[in-house]
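Have a look at coords-v4.cif; it's mmCIF, C-alpha atoms and all ligand atoms:
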data_protein
loop_
_atom_site.label_atom_id
_atom_site.label_comp_id
_atom_site.auth_asym_id
_atom_site.auth_seq_id
_atom_site.Cartn_x
_atom_site.Cartn_y
_atom_site.Cartn_z
CA MET A 1 342.00 191.09 83.10
CA GLN A 2 340.69 191.87 86.53
CA ASN A 3 337.26 193.06 85.68
CA ASN A 4 335.31 190.26 87.32
CA ASN A 5 335.35 188.26 90.55
CA GLN A 6 336.48 191.34 92.34
CA ILE A 7 335.19 191.13 95.88
CA ARG A 8 333.98 194.41 97.18
CA PRO A 9 335.37 195.20 100.62
CA SER A 10 331.86 195.39 102.07
CA THR A 11 331.20 191.71 101.43
CA MET A 12 332.80 188.42 102.44
CA PRO A 13 332.03 184.74 101.88
CA CYS A 14 329.92 183.22 104.66
CA PRO A 15 332.24 180.98 106.72
CA ARG A 16 329.71 178.14 106.54
CA CYS A 17 328.01 178.22 103.13
CA ARG A 18 330.59 180.35 101.28
CA LYS A 19 327.95 182.59 99.70
CA LEU A 20 328.67 186.30 99.63
CA ILE A 21 327.22 188.22 102.51
CA SER A 22 327.61 191.70 103.86
CA ILE A 23 330.46 192.11 106.34
CA SER A 24 328.19 193.98 108.70
CA SER A 25 325.32 191.47 108.69
CA PRO A 26 324.79 189.73 112.03
CA GLN A 27 323.49 186.59 110.33
CA CYS A 28 324.02 184.89 106.95
CA ALA A 29 320.89 185.40 104.86
CA HIS A 30 321.50 182.08 103.04
CA CYS A 31 322.27 179.50 105.72
CA GLY A 32 321.37 181.40 108.88
CA LEU A 33 324.83 181.30 110.49
CA ARG A 34 324.96 183.88 113.25
CA TYR A 35 327.98 186.12 113.92
CA PRO A 36 329.70 185.27 110.60
CA LYS A 37 332.27 187.99 111.23
CA VAL A 38 333.49 186.27 114.41
CA PHE A 39 333.96 183.03 112.47
CA ALA A 40 335.83 184.79 109.69
CA SER A 41 338.29 186.28 112.17
CA ILE A 42 339.47 182.95 113.69
CA PRO A 43 340.78 180.42 111.13
CA LEU A 44 339.96 177.24 113.07
CA LEU A 45 336.45 178.52 113.82
CA GLU A 46 335.89 179.10 110.12
CA GLU A 47 337.04 175.58 109.30
CA LEU A 48 334.79 174.17 111.99
CA ALA A 49 331.83 176.13 110.65
CA HIS A 50 332.51 174.96 107.12
CA GLY A 51 332.72 171.35 108.24
CA GLU A 52 336.31 170.84 107.14
CA VAL A 53 337.46 169.51 110.48
CA SER A 54 337.17 165.95 111.74
CA PHE A 55 338.47 164.91 115.14
CA VAL A 56 338.15 161.16 114.65
CA LYS A 57 341.43 160.56 112.85
CA PRO A 58 343.51 162.82 115.13
CA ILE A 59 342.16 160.99 118.19
CA ILE A 60 342.98 157.60 116.64
CA LEU A 61 346.48 158.79 115.77
CA MET A 62 347.01 160.10 119.30
CA CYS A 63 345.92 156.76 120.78
CA LEU A 64 348.15 154.78 118.40
CA GLY A 65 351.09 157.10 119.01
CA LEU A 66 350.77 156.91 122.79
CA TYR A 67 350.39 153.14 122.58
CA VAL A 68 353.67 152.86 120.68
CA VAL A 69 355.36 155.21 123.15
CA SER A 70 353.96 153.30 126.14
CA ILE A 71 355.56 150.09 124.85
CA ALA A 72 358.77 151.70 123.65
CA ILE A 73 359.68 153.46 126.91
CA ASN A 74 359.89 150.17 128.77
CA PHE A 75 360.28 147.60 126.04
CA GLY A 76 360.95 144.12 127.34
CA GLY A 77 360.07 145.20 130.85
CA GLN A 78 356.80 143.29 130.92
CA GLU A 79 356.12 141.04 133.84
CA ALA A 80 356.07 137.34 133.04
CA SER A 81 352.71 136.62 131.50
CA GLN A 82 350.97 133.63 130.03
CA SER A 83 349.78 135.73 127.11
CA PRO A 84 351.85 135.57 123.91
CA LEU A 85 350.75 139.15 123.28
CA ALA A 86 352.49 140.36 126.44
CA ILE A 87 355.21 141.91 124.35
CA PHE A 88 352.55 144.27 122.98
CA SER A 89 351.46 145.29 126.46
CA PRO A 90 352.93 148.37 128.12
CA THR A 91 354.00 147.95 131.73
CA LEU A 92 352.09 149.49 134.60
CA ASP A 93 354.99 151.89 135.17
CA SER A 94 354.87 153.08 131.55
CA LEU A 95 351.14 153.70 131.76
CA LYS A 96 351.52 155.52 135.07
CA GLN A 97 354.15 157.76 133.54
CA LEU A 98 351.89 158.57 130.61
CA GLY A 99 348.83 159.52 132.65
CA MET A 100 346.88 156.43 133.62
CA GLY A 101 343.73 157.26 135.57
CA GLY A 102 342.27 155.83 138.77
CA ARG A 103 341.88 156.28 142.49
CA ILE A 104 345.62 156.25 143.12
CA PRO A 105 346.62 158.90 140.53
CA TRP A 106 343.63 160.97 141.67
CA SER A 107 344.69 160.79 145.31
CA GLU A 108 348.13 161.97 144.20
CA GLY A 109 346.58 165.09 142.72
CA GLN A 110 346.81 164.00 139.10
CA TRP A 111 343.32 165.19 138.11
CA TRP A 112 344.38 165.57 134.48
CA THR A 113 344.63 161.76 134.19
CA LEU A 114 340.82 161.78 133.95
CA LEU A 115 341.43 162.86 130.36
CA THR A 116 344.79 161.34 129.47
CA ALA A 117 343.72 157.84 130.60
CA ALA A 118 341.23 157.82 127.71
CA PHE A 119 344.14 157.91 125.24
CA LEU A 120 346.08 154.98 126.74
CA HIS A 121 345.57 151.26 126.18
CA GLY A 122 346.63 148.18 128.06
CA ASP A 123 347.29 145.75 125.23
CA ALA A 124 346.97 145.12 121.49
CA LEU A 125 343.42 143.77 121.54
CA HIS A 126 342.27 146.58 123.79
CA ILE A 127 343.45 149.28 121.39
CA PHE A 128 342.42 147.34 118.30
CA PHE A 129 338.80 147.00 119.35
CA ASN A 130 338.54 150.54 120.73
CA MET A 131 339.95 152.07 117.54
CA TRP A 132 337.71 149.81 115.48
CA TRP A 133 334.65 151.15 117.27
CA LEU A 134 335.88 154.74 117.16
CA ARG A 135 336.36 154.46 113.40
CA ASP A 136 332.90 152.96 113.07
CA LEU A 137 330.91 155.30 115.32
CA GLY A 138 332.96 158.50 115.15
CA PRO A 139 332.12 159.60 111.60
CA LEU A 140 328.42 158.90 112.16
CA VAL A 141 328.34 161.02 115.31
CA GLU A 142 330.32 163.76 113.55
CA ARG A 143 327.83 163.74 110.70
CA GLU A 144 324.72 163.92 112.86
CA TYR A 145 326.10 166.29 115.52
CA GLY A 146 328.91 168.12 113.72
CA ALA A 147 332.60 167.97 114.64
CA SER A 148 332.47 170.52 117.46
CA ARG A 149 329.65 168.74 119.23
CA PHE A 150 331.40 165.42 118.59
CA LEU A 151 334.45 166.71 120.43
CA LEU A 152 332.33 167.94 123.35
CA ILE A 153 330.45 164.63 123.56
CA TYR A 154 333.57 162.47 123.26
CA THR A 155 335.57 164.46 125.81
CA THR A 156 332.78 164.80 128.36
CA ALA A 157 331.84 161.14 128.11
CA GLY A 158 335.48 160.16 128.66
CA LEU A 159 335.68 162.44 131.71
CA VAL A 160 332.40 161.21 133.21
CA GLY A 161 333.47 157.61 132.67
CA SER A 162 336.81 158.29 134.35
CA ALA A 163 335.14 160.17 137.20
CA LEU A 164 332.60 157.42 137.87
CA SER A 165 335.29 154.77 137.77
CA THR A 166 337.43 156.77 140.19
CA LEU A 167 334.47 157.26 142.53
CA ALA A 168 333.77 153.54 142.36
CA GLY A 169 337.27 153.00 143.67
CA THR A 170 339.06 151.57 140.61
CA PHE A 171 342.78 151.76 141.42
CA TYR A 172 343.93 152.18 137.84
CA PHE A 173 342.26 152.34 134.46
CA VAL A 174 343.13 153.18 130.86
CA GLY A 175 341.26 153.13 127.57
CA ALA A 176 339.03 155.06 125.22
CA SER A 177 336.04 152.85 125.88
CA GLY A 178 334.30 155.31 128.25
CA ALA A 179 334.43 157.98 125.54
CA ILE A 180 333.37 155.43 122.93
CA PHE A 181 330.40 154.42 125.08
CA GLY A 182 329.62 158.14 125.04
CA LEU A 183 329.28 157.90 121.26
CA PHE A 184 326.84 155.02 121.78
CA GLY A 185 324.96 157.30 124.20
CA ALA A 186 324.84 160.12 121.66
CA LEU A 187 323.54 157.77 118.96
CA LEU A 188 320.93 156.37 121.33
CA TYR A 189 319.70 159.88 122.02
CA TYR A 190 319.73 160.78 118.34
CA GLY A 191 317.86 157.65 117.24
CA TRP A 192 315.34 157.85 120.05
CA HIS A 193 314.64 161.57 119.68
CA ARG A 194 314.62 161.68 115.90
CA GLY A 195 312.50 158.58 115.44
CA GLY A 196 311.24 157.68 111.98
CA THR A 197 312.66 154.82 109.95
CA PHE A 198 316.24 156.09 110.07
CA GLY A 199 316.19 157.13 113.72
CA SER A 200 314.61 153.88 114.84
CA ALA A 201 317.14 151.85 112.88
CA ILE A 202 320.02 153.78 114.48
CA PHE A 203 318.46 153.37 117.91
CA ARG A 204 317.98 149.60 117.59
CA ARG A 205 321.43 148.96 116.15
CA THR A 206 323.09 151.11 118.82
CA LEU A 207 321.09 149.56 121.65
CA PHE A 208 322.04 146.09 120.43
CA TRP A 209 325.78 146.75 120.23
CA ALA A 210 326.05 148.92 123.33
CA GLY A 211 324.04 146.35 125.28
CA LEU A 212 326.12 143.46 123.99
CA LEU A 213 329.42 145.21 124.73
CA PHE A 214 328.26 146.23 128.17
CA LEU A 215 327.22 142.67 129.02
CA TYR A 216 330.50 141.41 127.62
CA GLY A 217 332.25 143.83 129.98
CA LEU A 218 330.25 142.59 132.97
CA ALA A 219 331.24 139.02 132.15
CA GLY A 220 334.92 139.82 131.61
CA ARG A 221 337.76 140.43 134.02
CA ASN A 222 339.71 143.67 134.33
CA ILE A 223 337.06 145.60 132.45
CA ASP A 224 336.14 149.05 133.65
CA ASN A 225 332.35 148.72 133.72
CA TRP A 226 331.90 151.92 135.71
CA GLY A 227 333.82 153.75 133.00
CA HIS A 228 331.54 152.26 130.35
CA LEU A 229 328.39 153.19 132.26
CA GLY A 230 329.63 156.71 133.01
CA GLY A 231 330.60 157.25 129.38
CA LEU A 232 327.23 156.04 128.13
CA LEU A 233 325.26 158.27 130.50
CA GLY A 234 327.58 161.24 129.96
CA GLY A 235 327.39 160.94 126.18
CA PHE A 236 323.61 160.64 126.24
CA ALA A 237 323.21 163.66 128.55
CA VAL A 238 325.57 165.95 126.62
CA ALA A 239 323.98 164.92 123.33
CA ALA A 240 320.52 165.74 124.71
CA LEU A 241 321.80 169.08 125.99
CA LEU A 242 323.51 170.11 122.75
CA THR A 243 321.05 168.45 120.32
CA TYR A 244 321.87 167.41 116.76
CA GLU A 245 322.36 169.02 113.34
CA GLU A 246 318.92 168.24 111.98
CA ARG A 247 317.27 170.16 114.81
CA LEU A 248 319.86 172.87 115.28
CA ARG A 249 322.94 173.40 113.20
CA GLN A 250 326.08 173.99 115.22
CA THR A 251 326.19 177.49 116.68
CA LEU A 252 329.05 179.77 117.65
CA GLY A 253 328.59 178.50 121.20
CA HIS A 254 329.23 174.89 120.14
CA HIS A 255 332.35 175.87 118.22
CA LEU A 256 333.71 177.97 121.08
CA GLY A 257 333.00 175.04 123.37
CA ALA A 258 335.12 172.85 121.09
CA LEU A 259 337.97 175.39 121.15
CA LEU A 260 337.84 175.51 124.96
CA THR A 261 337.88 171.71 124.98
CA LEU A 262 341.06 171.76 122.90
CA VAL A 263 342.62 174.21 125.34
CA PHE A 264 341.68 171.83 128.16
CA TRP A 265 343.34 168.96 126.26
CA VAL A 266 346.52 171.00 125.88
CA VAL A 267 346.56 171.75 129.62
CA CYS A 268 346.05 168.07 130.54
CA PHE A 269 348.67 166.77 128.13
CA SER A 270 351.14 169.46 129.19
CA LEU A 271 350.77 168.30 132.80
CA MET A 272 351.17 164.73 131.58
CA LEU A 273 354.45 165.69 129.89
CA VAL A 274 355.68 167.44 133.04
CA ASN A 275 354.85 164.31 135.01
CA PHE A 276 356.46 162.11 132.37
CA PHE A 277 359.78 163.91 132.45
CA SER A 278 359.82 164.24 136.22
CA THR A 279 359.21 160.51 136.80
CA ALA A 280 361.25 159.09 133.91
CA PRO A 281 363.66 156.43 135.12
CA ALA A 282 367.30 157.45 135.05
ZN ZN B 1 325.90 181.09 105.11
#
Can the structure from this file be put into structure tokens for me?
Ligand SMILES: [Zn+2]
Amino acid sequence: MQNNNQIRPSTMPCPRCRKLISISSPQCAHCGLRYPKVFASIPLLEELAHGEVSFVKPIILMCLGLYVVSIAINFGGQEASQSPLAIFSPTLDSLKQLGMGGRIPWSEGQWWTLLTAAFLHGDALHIFFNMWWLRDLGPLVEREYGASRFLLIYTTAGLVGSALSTLAGTFYFVGASGAIFGLFGALLYYGWHRGGTFGSAIFRRTLFWAGLLFLYGLAGRNIDNWGHLGGLLGGFAVAALLTYEERLRQTLGHHLGALLTLVFWVVCFSLMLVNFFSTAPA
């Protein structure tokens, strides 16, 4: 019984809305996706277009994994500390090996630490609160901007935060907070630009928490305020540049940007691994 559901070779399901469209059509007549054939030819692009991909959980898993590694590679090597949580803090050497950012790594030519630093954390509370915020803000930004734009916003904000902190002369820094402040920036832009009841509510809530956390950072010690500020501004700017789903659904350009970002990640983490194995203690 094969007399129905037989797809004619001249049609294919639209990568985004899954409705049947002509293979030769430059745009889906149902959802407006342009270049559907390009999407259909690259599996990850198709999944991105269909909204099956989320980057939040993979980023959290990478941070947790690197945190465990950073403690494990030099377990018990912590300097004497008054904190009972010191055992959950990686040593400076471990973090340097794994791609800590800052003026010193930068001056040694380790430009890729601008990215890898955003996946490392200095202690248990640091990673707990960053992952808490990422889990809270990430899905909202992915919903309003789409996963590809989320990845572009998150990565760029992390890089801008790292760059500003390096320029400001911070010797060493680690942490996802610059990138997370970028998510605050993206939500500020969204709420402000969208307006209305929902937009205003998002804007006020985001402004409150971002403001509170920023002030908390100013009051604290060993907090990378330049990284926070850079991330916030970077996230806001990229969000304004790329705009959000309600105004413009993600285009092929956004998805290709996300793929290029992933390639950039692979390059940075490959260089981190090379550095790791060339500086590992005997
Ligand atoms: Zn479609």
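Across the model, the gap from atom CA of Ala163 of chain A to atom CA of Trp226 of chain A is 9.0 Å.
When all atoms listed in the file are used to measure the gap to ligand ZN 1 (chain B), the shortest distance among A:Cys31, A:Leu164, A:Phe119, A:Pro26 belongs to A:Cys31.
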| task | May I ask for the distance between atom CA of Trp112 of chain A and atom CA of Gly138 of chain A, given in Å to one decimal place? | result | 23.5 Å
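With atom CA of Tyr244 of chain A on one side and atom CA of Leu114 of chain A on the other, the separation reads 26.2 Å.
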Please define a box with edges along x, y and z of the file around all atoms of segment 71-74 of chain A given in the file, extend it by 6 Å on each side, and return its centre and edge lengths in Å to one decimal, as AutoDock Vina command-line options.
--center_x 357.7 --center_y 151.8 --center_z 126.2 --size_x 16.3 --size_y 15.4 --size_z 17.1
Please report as CSV every residue of chain A lying within 6 Å of ligand ZN 1 (chain B), along with the nearest atom pair and their distance in Å (one decimal), using only C-alpha atoms and all ligand atoms.
residue,atom,partner,partner_atom,distance
A:Cys14,CA,B:ZN1,ZN,4.6
A:Arg16,CA,B:ZN1,ZN,5.0
A:Cys17,CA,B:ZN1,ZN,4.1
A:Lys19,CA,B:ZN1,ZN,6.0
A:Cys28,CA,B:ZN1,ZN,4.6
A:His30,CA,B:ZN1,ZN,5.0
A:Cys31,CA,B:ZN1,ZN,4.0
A:Gly32,CA,B:ZN1,ZN,5.9
A:Leu33,CA,B:ZN1,ZN,5.5
| field | Val53 of chain A surroundings by only C-alpha atoms, 7 Å radius, close-in-sequence under 3 positions cut, as JSON, numbers by chain | value | {"A": [47, 48, 147]}
| Using only C-alpha atoms, which of the listed residues (A:Leu167, A:Ala201, A:Ile59, A:Leu232) sits closest to Ala179 of chain A? |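 Among the listed residues, the smallest separation from Ala179 of chain A belongs to A:Leu232.
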| remark: If you count all atoms listed in the file, the residue of A:Tyr216, A:Tyr67, A:Phe264, A:Tyr35 closest to Leu252 of chain A turns out to be A:Tyr35
| field | Given all atoms listed in the file as the counted atoms, nearest of A:Gly122, A:Thr206, A:Phe276, A:Leu64 to Ala86 of chain A | value | A:Gly122
| message | Residues proximal to (334.5, 156.0, 142.6) were defined as those with any atom within 12 Å of that point in the file's coordinates, counting all atoms listed in the file. Which are they, as a list in words? | response |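 The residues that fall inside the cut-off are Gly101, Gly102, Arg103, Ile104, Trp106, Ser107, Val160, Gly161, Ser162, Ala163, Leu164, Ser165, Thr166, Leu167, Ala168, Gly169, Thr170, Phe171, Tyr172, Phe173, Asp224, Asn225, Trp226, Gly227 and Gly230 of chain A.
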| request: Select, from A:Phe129, A:Tyr154, A:Phe198, A:Phe214, the residue with the minimum atom-to-atom distance to Gly235 of chain A, counting only C-alpha atoms. | output: A:Tyr154
| query | Pick from A:Gly257, A:Pro90, A:Gly146, A:Gly175: nearest to Ala117 of chain A, with all atoms listed in the file counted? | reply |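 Checking each candidate against Ala117 of chain A, we get A:Gly175 as the closest.
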| said: I'd like the neighbourhood of Ser22 of chain A as a PyMOL selection string, where a residue qualifies if any of its atoms comes within 7 Å (using all atoms listed in the file), though same-chain residues fewer than 4 positions away should be ignored. | reply: chain A and resi 10-12
| Contacts of Ser70 of chain A at 10 Å (only C-alpha atoms; same-chain gap of 3+ positions) as a list of chain:residue names |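 Everything that qualifies: A:Leu64, A:Gly65, A:Leu66, A:Tyr67, A:Ile73, A:Asn74, A:Phe75, A:Phe88, A:Ser89, A:Pro90, A:Thr91, A:Leu92, A:Asp93, A:Ser94, A:Leu95, A:Lys96, A:Gln97, A:Leu98, A:Leu120, A:His121, A:Gly122.
Every residue within 6 Å of the file position (340.8, 161.9, 125.7), judged by all atoms listed in the file, is given as Leu115, Thr116, Ala118, Phe119 and Thr155 of chain A.
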